[in-house]
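S.K.: Attaching a single structure in structure tokens format; questions to follow.
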Amino acid sequence: MDPECSQLLPALCAVLADPRQPVADDTCLEKLLDWFKTIADAGSSLLLLQENPCLVTLLCPVLKPQDLSPRVLAFLLRLAGILAAQEDCFQHLQQGDLLPRLFGEAGPLGGAAWTAPTVRSGWIQGLCSLTQHPSALCFLAHSGAVDTIFSLQGDSSLFVASAAGQLLVHILGLSMQAPAEGHPSLQPAHWPACAQKIVGHIEESLRATATPQVTQALNVLTTMFSHCHDPWTQVLWVHLSPLVACLLEKDPVPAAHSLVDLLLSVARSPVLSSSSCGLWDTLAQTLSRLRASQAGPLALGILKLQECPKALRAQAFAVLLQPLTCVLEATTQAPGLPGSSGPGLQCGVAAIGPVASSEACAGRGGDPTDGELPLAWPPGSVGGTADAPLTAGMLLPSKAACVGLLCQTLAHLELLQPLPQRPSPWPWAPLLSAAVTILRLCNGSATPTSDTGTHLCAFLAGCVRVQRAALDFLGTLSQGTGPQELVTQVFAILLEYLTSPDSSPTVLKKAFQATLQWLQSSPKPSGGGDLEPHAQLFLRELLPVLPKRLCSPCWDVRDSGLEFLTQTVRRWGGQAGFRHALLASEVPELTEQLLRDPESYVRASAVAAMGQLSSRGLHIIPASPGHPGAQQKSLLEELLHILSTDSEGFPRRAVMQVFTQWLRDSHADVAADTEHFVARVLRVASQDLDWEVRAQGLELALVFLEQTLGQPSSSCPYAMTPPAAAPPSLVAQALQPFCRVQLFDFAFRALFDCDRPVAQKSCDLLLFLRAKTASYSDQQGSSSGPDVASLEAALQRWQAGDQGQPLGDLEPEAVVAVLRSLDLEGLRGALAESSDHAEQSPLSLLQDMLATAGILGENEADCY
Amino acid sequence: MKLYCLSGHPTLPCNVLKFKSTTIMLDCGLDMTSTLNFLPLPLVQSPRLSNLPGWSLKDGNAFLDKELKECSGHVFVDSVPEFCLPETELIDLSTVDVILISNYHCMMALPYITEHTGFTGTVYATEPTVQIGRLLMEELVNFIERVPKAQSASLWKNKDIQRLLPSPLKDAVEVSTWRRCYTMQEVNSALSKIQLVGYSQKIELFGAVQVTPLSSGYALGSSNWIIQSHYEKVSYVSGSSLLTTHPQPMDQASLKNSDVLVLTGLTQIPTANPDGMVGEFCSNLALTVRNGGNVLVPCYPSGVIYDLLECLYQYIDSAGLSNIPFYFISPVANSSLEFSQIFAEWLCHNKQTKVYLPEPPFPHAELIQTNKLKHYPSLHGDFSSDFRQPCVVFTGHPSLRFGDVVHFMELWGKSSLNTVIFTEPDFSYLEALAPYQPLAMKCIYCPIDTRLNFIQVSKLLKEVQPLHVVCPEQYTQPPPAQSHRMDLMIDCQPPAMSYRRAEVLALPFKRRYEKIEIMPELADSLVPMEIKPGISLATVSAVLHTKDNKHVLQPPPRPAQPAGGKKRKRGSDDIPDCKVLKPLLSGSIPVEQFVQALEKAPDH
């Protein structure tokens with residue numbers, strides 16, 4: 001600890017110990033604890049205590065806890081824990097009998113202060129820090145703290161309860177470490193007393209009839225198997241798994257979610273997964289015992305496992321697919337009839353059926369409970385017909401359950417699909433069919449063929465949540481392949497959603513996203529670069545719908561329509577069929593009108609869309625019928641107008657992005673007079689109040705620099721290695737245009753911008769420039785002269801915060817000289833530090849806390 | 001308790017409830033879909049319509065060619081349009097004591113009932129309902145009377161001939177009862193029988209029942225009705241809305257604990273969400289106008305138009321339509337726009353508060369001030385000089401059979417630049433358009449019906465928990481076109497009782513109790529004896545006095561004090577006064593005859 005802090009510490013301790021002094025806030029105390037932790041980690045806590053006796057004095061008032069605020073009391077408990085983590089310091093505190101009085105019966109435990117959750121939490125965290133050595137274990141055993149921790153597992157505060165569970169795991173782990181140095185004992189009966197006590201408590205809880213107790217035990221075990229992978233955990237699992245299996249026999253299965261978490265954490269544990277400790281059987285049994293909504297997460301977890309028996313994976317996949325199978329069956333089969341109607345959907349049932357049924361049956365291996373359980377759907381009958389409506393009815397008991405289950409299933413499958421360990425072959429076709437069917441049920445266009453179907457229809461009609469989930473999933477499915485007939489259905493349902501006036505704005509947004517994904521994934525015909533005829537036909541049908549969306553009274557609909565347009569033009573703007581259809585529609589004209597939309601987000605999207613249309617040559621200036629004489633403003637002028645006058649940041653940022661892109665692509669309007677363009681844009685951007693606009697201005701400046709000076713040889717424009725410098729004469733010539741467009745004025749000003757990202761970007765830009773001009777400045781050598789002096793003076797003024805005066809005309813020589821004289825690397829280093837690094841020192845923390853206390857004191861004096 | 005169902009139209013109901021010696025008519029809606037079978041009445045001579053070929057039977061017999069004309073494969077009656085009246089034979093309408101009106105759309109048959117059936121009772125309705133109802137009737141009469149039609153076709157109605165006609169004429173029901181429109185005189189006379197009421201006002205009917213209107217949230221002044229006695233409660237829910245539009249929100253709480261809930265007037269387009277439809281309306285309007293086309297909106301002069309104008313008020317600037325004129329043409333356009341602004345107490349809270357600012361509650365006032373919205377009584381006169389295209393025209397009648405809309409259909413129908421947007425859900429747009437085929441103009445169907453949908457109904461029923469629900473049969477099964485949509489029907493326990501036109505329902509509900517008052521002096525004389533804790537009994541000797549459906553127990557008449565003061569004297573002078581028969585004002589009742597008459601009348 002540095003001497004300045006040591007000097008302040010006694011005063012601070014006095015403030016903290018004084019019950020009349022209110023403590024500033026929790027964050028200060030947290031920071032203080034962090035600081036003590038750093039000191040303790042770096043050196044000896046004992047030394048710290050000896051050098052700062054005030055700390056011991058501070059811990060003493062805990063003995064009269066009623067005088068202290070709960071915050072300070074919790075702080076002191078945690079501080080004591082941090083200090084006592086080192087065994088010598090622990091002994092020192094023990095000698096003073098301080099620890100038992102802090103954490104034992106004599107302390108806040110059981111007193112009035114104990115009612116505050118903060119204090120209970122501090123007590124647990126203190127013990128957690130303290131329990132690092134065998135002496136601590138003895139202390140725990142003698143003080144009876146473990147029993148208190150047991151009771152805190154059921155605490156009313158969730159934070160306290162969860163911390164208590166974690167502390168138990170911590171204690172168990174530590175107590176097992178000592179014997180584990182040798183061989184783990186095979187019998188828990190030979191484990192250390194403390195470990196036995198905890199394991200006994202867990203066993204007892206698992207046997208309990210009350211669900212909360214079972215949940216607590218399962219949560220403790222989950223934490224343990226997730227974090228501790230020592231060999232003894234395997235012994236523990238073998239010991240406890242019969243009790244866990246007993247839980248499965250209860251109806252309903254208690255604490256199902258926690259049970260799923262536990263089983264998955266055990267399955268993921270490297271110590272256990274390879275062993276034959278009956279885990280797979282338990283998992284299989286659990287899958288068949290849980291309700292569909294509970295089994296879903298378990299099935300997903302099993303499928304995500306790296307190693308797992310094939311049969312179990314098949315069973316898990318069947319469970320995961322159950323709701324979708326049910327949906328497909330409900331829309332294809334009449335009850336009792338083995339036949340079906342739609343060939344596409346039938347193929348779906350058939351394909352999901354066998355995958356699920358044959359393998360799953362093998363995996364389940366004649367489960368005795370099978371068939372008696374009302375809530376589980378025997379996977380063997382997934383493809384069956386006779387009992388399907390009944391099962392489905394149980395699977396989908398109410399609207400809320402049905403919607404929740406379907407959303408969960410779709411989300412799970414969406415998560416699973418991109419993983420390498422997903423089931424193979426992935427059933428693209430039936431999944432597609434299911435997604436399409438769900439969407440049809442939601443918009444009422446599906447024709448159910450059974451009672452279940454009718455119920456599903458009633459549940460799902462108009463349900464926005466399911467529509468969103470299904471559209472998301474449908475979008476993900478675009479990465480695979482499906483039969484052409486199904487792809488046709490996909491485009492048909494997407495078009496229905498995009499056309500329907502009943503699609504809510506969020507659903508519409510998802511529909512646009514899914515459409516884009518499907519269009520992007522549709523294969524290109526071998527012959528030319530144009531869209532696949534199928535997708536092209538779809539786009540041609542969609543384009544008449546788009547104008548309606550662009551005219552919608554809901555701004556979010558207009559916005560997502562524009563975003564879709566931007567993406568499609570970016571992707572297919574060069575293709576004749578698309579261009580033709582787009583130009584024939586009213587879309588380009590409407591998009592331009594949306595530049596003046598009242599909603600700023602829409603204006604921003606319209607700017608992006610117009611930029612894209614113009615880049616692709618799809619923006620035609622319409623002859624204005626009303627005023628034939630009046631010259632229509634060019635798009636460039638219109639965008640500049642937005643940049644200089646729009647009151648909202650989003651459209652201005654969008655304009656800067658479009659301009660940067662135009663400059664990169666050498667857009668015709670820009671290429672006509674690039675210098676003039678850059679000068680105008682930079683002039684406007686430098687005045688902008690939005691830092692993102694200024695930062696984007698620097699990006700544009702950088703593109704301009706690169707285009708003029710040539711890209712650096714390395715791939716990274718901000719590379720540290722000096723790129724090959726240009727010949728001096730060329731550089732001098734090259735710097736002229738930058739001076740003319742006043743790029744330096746903008747960049748130097750940005751260097752001292754009050755927003756750090758702008759300053760950083762400017763710093764990078766100037767470093768790049770300096771590297772480029774290195775040889776030139778070497779030759780010139782001089783760094784003096786009237787021009788340089790005035791420039792440096794201006795920079796100093798700017799750094800001091802006076803941004804008023806412009807630089808005026810600059811000579812390249814002066815710029816190069818200033819670039820050399822500036823400590824850009826140093827500035828970059830300073831900017832890289834977080835903005836509060838100066839204020840984060842422990843000294844400033846102590847000063848702040850004392851100052852706050854002092855100020856409060858003065859106020860008090862004033863009052864009297 | 002019985003319900004006589006006089007109309008089969010679920011949103012234009014007309015039912016009669018017999019309850020505790022009162023006969024109450026609930027609404028008298030007029031089914032105007034019958035007019036779709038008639039040729040439009042053009043305001044300006046239309047060569048196309050007047051030169052349509054006459055229709056002849058398959059065998060070439062052309063005796064009907066004066067009455068029936070053929071247009072694009074459809075056959076229309078060339079006559080003054082006629083309306084399908086509520087059933088008049090099912091019950092003697094002169095016995096109806098009161099008529100309760102729930103909203104201005106459900107009173108359009110009122111003149112037929114009050115003027116031609118011997119009705120002598122009272123009609124109850126809220127003030128906006130009466131005023132706007134009057135406007136609707138006035139407009140209807142005006143539309144029809146200003147285009148006098150020389151002939152009135154009746155031959156085709158002959159049952160034997162009707163059988164030979166093509167659909168839909170062949171299938172039209174009760175054509176013999178179809179009637180021509182009423183006159184303004186009849187309207188005035190009918191409206192003079194209305195007594196104005198306010199929400200939650202309690203109206204005593206003969207002391208037997210109490211009726212109370214409640215806000216229903218659907219239109220200005222629209223109401224649901226509570227009809228209750230001391231021990232029974234019947235709720236009549238007709239045309240209610242839970243959406244936030246201009247009227248006062250629906251009062252649901254007061255509907256709780258009903259024995260019977262009669263549920264009518266749900267949305268006619270249960271699959272369309274009004275918000276989506278308004279969006280569709282605005283987008284299509286903007287697209288058409290941007291391309292230089294005109295937009296025609298066939299509509300009623302009151303109701304959804306207020307909300308549409310409000311939406312457009314917010315939308316036109318953002319859509320760059322500020323220069324496009326909006327025209328509202330109706331004989332009652334001015335009154336409708338102005339009336340809407342003065343019924344502040346009947347508006348939603350938001351609009352009410354505006355009045356105190358003070359600002360007009362509806363923004364169409366500003367549209368009028370800024371000349372963006374102009375209104376005219378007819379397309380003759382000022383309108384023709386102001387008319388500028390492209391424009392948006394709101395005008396009636398939504399059936400496209402009469403009113404200024406006929407002219408605009410003829411004028412704009414030939415250009416594909418123009419669009420007609422249907423917002424009123426009462427008429428099938430395909431049938432409405434039939435006499436205008438072939439039609440080049442675009443047609444957009446955006447029915448905006450803010451009345452309850454089935455999801456809202458099921459929530460409402462869960463909330464108010466009536467013992468029995470009675471509704472039109474259409475609501476107890478999914479719509480025929482979407483037979484799998486089980487969500488599009490009323491789902492409640494016990495299942496709703498359904499009714500259809502010309503049906504009499506005995507409501508599954510027995511009256512068990514009647515309230516009887518005890519006079520204070522009689523109550524004083526009672527000596528209750530506690531037979532169980534909390535239960536006391538007393539014997540009462542009293543005279544039951546019944547007048548105006550109120551029952552009162554009065555102390556028995558004291559025996560006359562003997563004149564001589566001797567206490568124990570019994571004799572002939574002990575005969576009480578009541579035995580003395582006073583002559584009745586009505587003359588003597590022939591008892592035999594009276595009892596026979598009572599036996600014959602089944603409902604009393």
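Identifiers in the structure tokens: chain A, B, ... in order shown; residue index from 1 per chain; ligand index from 1 in order shown.
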Quick check: residues of chain A within 9 Å of chain B, only C-alpha atoms, returned as number ranges by chain.
M.R.: A: 444-449, 453-455, 457-459, 461-462, 500-504, 547-554, 586, 593-594, 596-599
S.K.: Can you list every residue in range 212-321 of chain A that DSSP puts in helix (DSSP H, G or I), as JSON, numbers by chain?
M.R.: {"A": [212, 213, 214, 215, 216, 217, 218, 219, 220, 221, 222, 223, 224, 225, 226, 227, 231, 232, 233, 234, 235, 236, 237, 238, 239, 240, 241, 242, 243, 244, 245, 246, 247, 248, 249, 256, 257, 258, 259, 260, 261, 262, 263, 264, 265, 266, 267, 268, 279, 280, 281, 282, 283, 284, 285, 286, 287, 288, 289, 292, 293, 294, 295, 296, 297, 298, 299, 300, 301, 302, 303, 304, 310, 311, 312, 313, 314, 315, 316, 317, 318, 319, 320, 321]}
S.K.: Taking the DSSP assignment computed from this structure's backbone, write out as a VMD selection string all residues of range 75-323 of chain B that belong to strand (DSSP E or B).
M.R.: chain B and resid 75 to 77 82 to 84 98 to 100 122 to 126 179 to 180 194 to 197 203 to 205 209 to 215 223 to 228 233 to 238 247 260 to 264 295 to 298
S.K.: Near Gln493 in chain B, counting only C-alpha atoms, which residues have an atom at most 9 Å away, once you skip same-chain residues fewer than 6 positions from it, shown as a CSV table (one decimal) with N, CA, C and O atoms, in the first residue's frame?
M.R.:
chain,number,residue,atom,x,y,z
B,467,LEU,N,-75.2,-16.4,-16.7
B,467,LEU,CA,-75.7,-17.8,-16.5
B,467,LEU,C,-76.0,-18.4,-17.9
B,467,LEU,O,-75.7,-19.5,-18.2
B,468,HIS,N,-76.6,-17.6,-18.8
B,468,HIS,CA,-77.0,-18.1,-20.1
B,468,HIS,C,-76.7,-17.0,-21.1
B,468,HIS,O,-76.8,-15.8,-20.9
B,469,VAL,N,-76.2,-17.5,-22.3
B,469,VAL,CA,-75.9,-16.6,-23.4
B,469,VAL,C,-76.8,-17.0,-24.5
B,469,VAL,O,-77.1,-18.1,-24.9
S.K.: As an MDAnalysis selection string, please: the residues near Leu17 in chain B (cut-off 7 Å, only C-alpha atoms, same-chain neighbours under 6 positions excluded).
M.R.: chainID B and resid 2:4 23:25
S.K.: What lies within 7 Å of range 208-211 of chain B using only C-alpha atoms, ignoring chain neighbours under 3 positions off, as a list of chain:residue names?
M.R.: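 Once the nearby chain positions are removed, what remains is B:Lys20, B:Lys202, B:Ile203, B:Glu204, B:Leu205, B:Trp225, B:Ile226, B:Ile227, B:Gln228, B:Ser229, B:Asn549.
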S.K.: May I ask for the distance between CA of Phe339 in chain B and CA of Leu255 in chain B, given in Å to one decimal place?
M.R.: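 These atoms are spaced 29.2 Å apart.
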S.K.: Write out as a ChimeraX atom specification the residues lying within 7 Å of Pro19 in chain A, counting only C-alpha atoms and excluding same-chain residues fewer than 3 positions away.
M.R.: /A:67-69
S.K.: Generate a file of the selected residues that holds N, CA, C and O atoms, formatted as a short mmCIF file (atom, residue, chain, number, x, y, z; two decimals), in the first residue's frame.
M.R.:
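For reference, result18.cif as written:
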data_model
loop_
_atom_site.label_atom_id
_atom_site.label_comp_id
_atom_site.auth_asym_id
_atom_site.auth_seq_id
_atom_site.Cartn_x
_atom_site.Cartn_y
_atom_site.Cartn_z
N ASP A 67 -25.39 -1.00 15.86
CA ASP A 67 -25.00 0.39 15.63
C ASP A 67 -24.67 0.67 14.17
O ASP A 67 -24.59 1.82 13.76
N LEU A 68 -24.44 -0.38 13.42
CA LEU A 68 -23.93 -0.18 12.06
C LEU A 68 -25.03 -0.34 11.02
O LEU A 68 -25.98 -1.08 11.20
N SER A 69 -24.80 0.37 9.91
CA SER A 69 -25.77 0.17 8.82
C SER A 69 -25.49 -1.19 8.19
O SER A 69 -24.35 -1.67 8.20
#
S.K.: For range 194-206 of chain A, list every protein, DNA or RNA residue within 10 Å, evaluated using only C-alpha atoms, and leave out those in the same chain fewer than 5 positions away; present the list as a PyMOL selection string.
M.R.: chain A and resi 137-138+140-141+146-147+150+168-169+171-176+188-189+211-218+220-221+236+239-240+243-244+246-247
S.K.: Choose the residue, out of A:Ala14, A:Val253, A:Ala695, A:Ile302, that has the smallest atom-to-atom separation from Ser265 in chain A; count only C-alpha atoms.
M.R.: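 Of the candidates, the smallest distance to Ser265 in chain A is held by A:Ile302.
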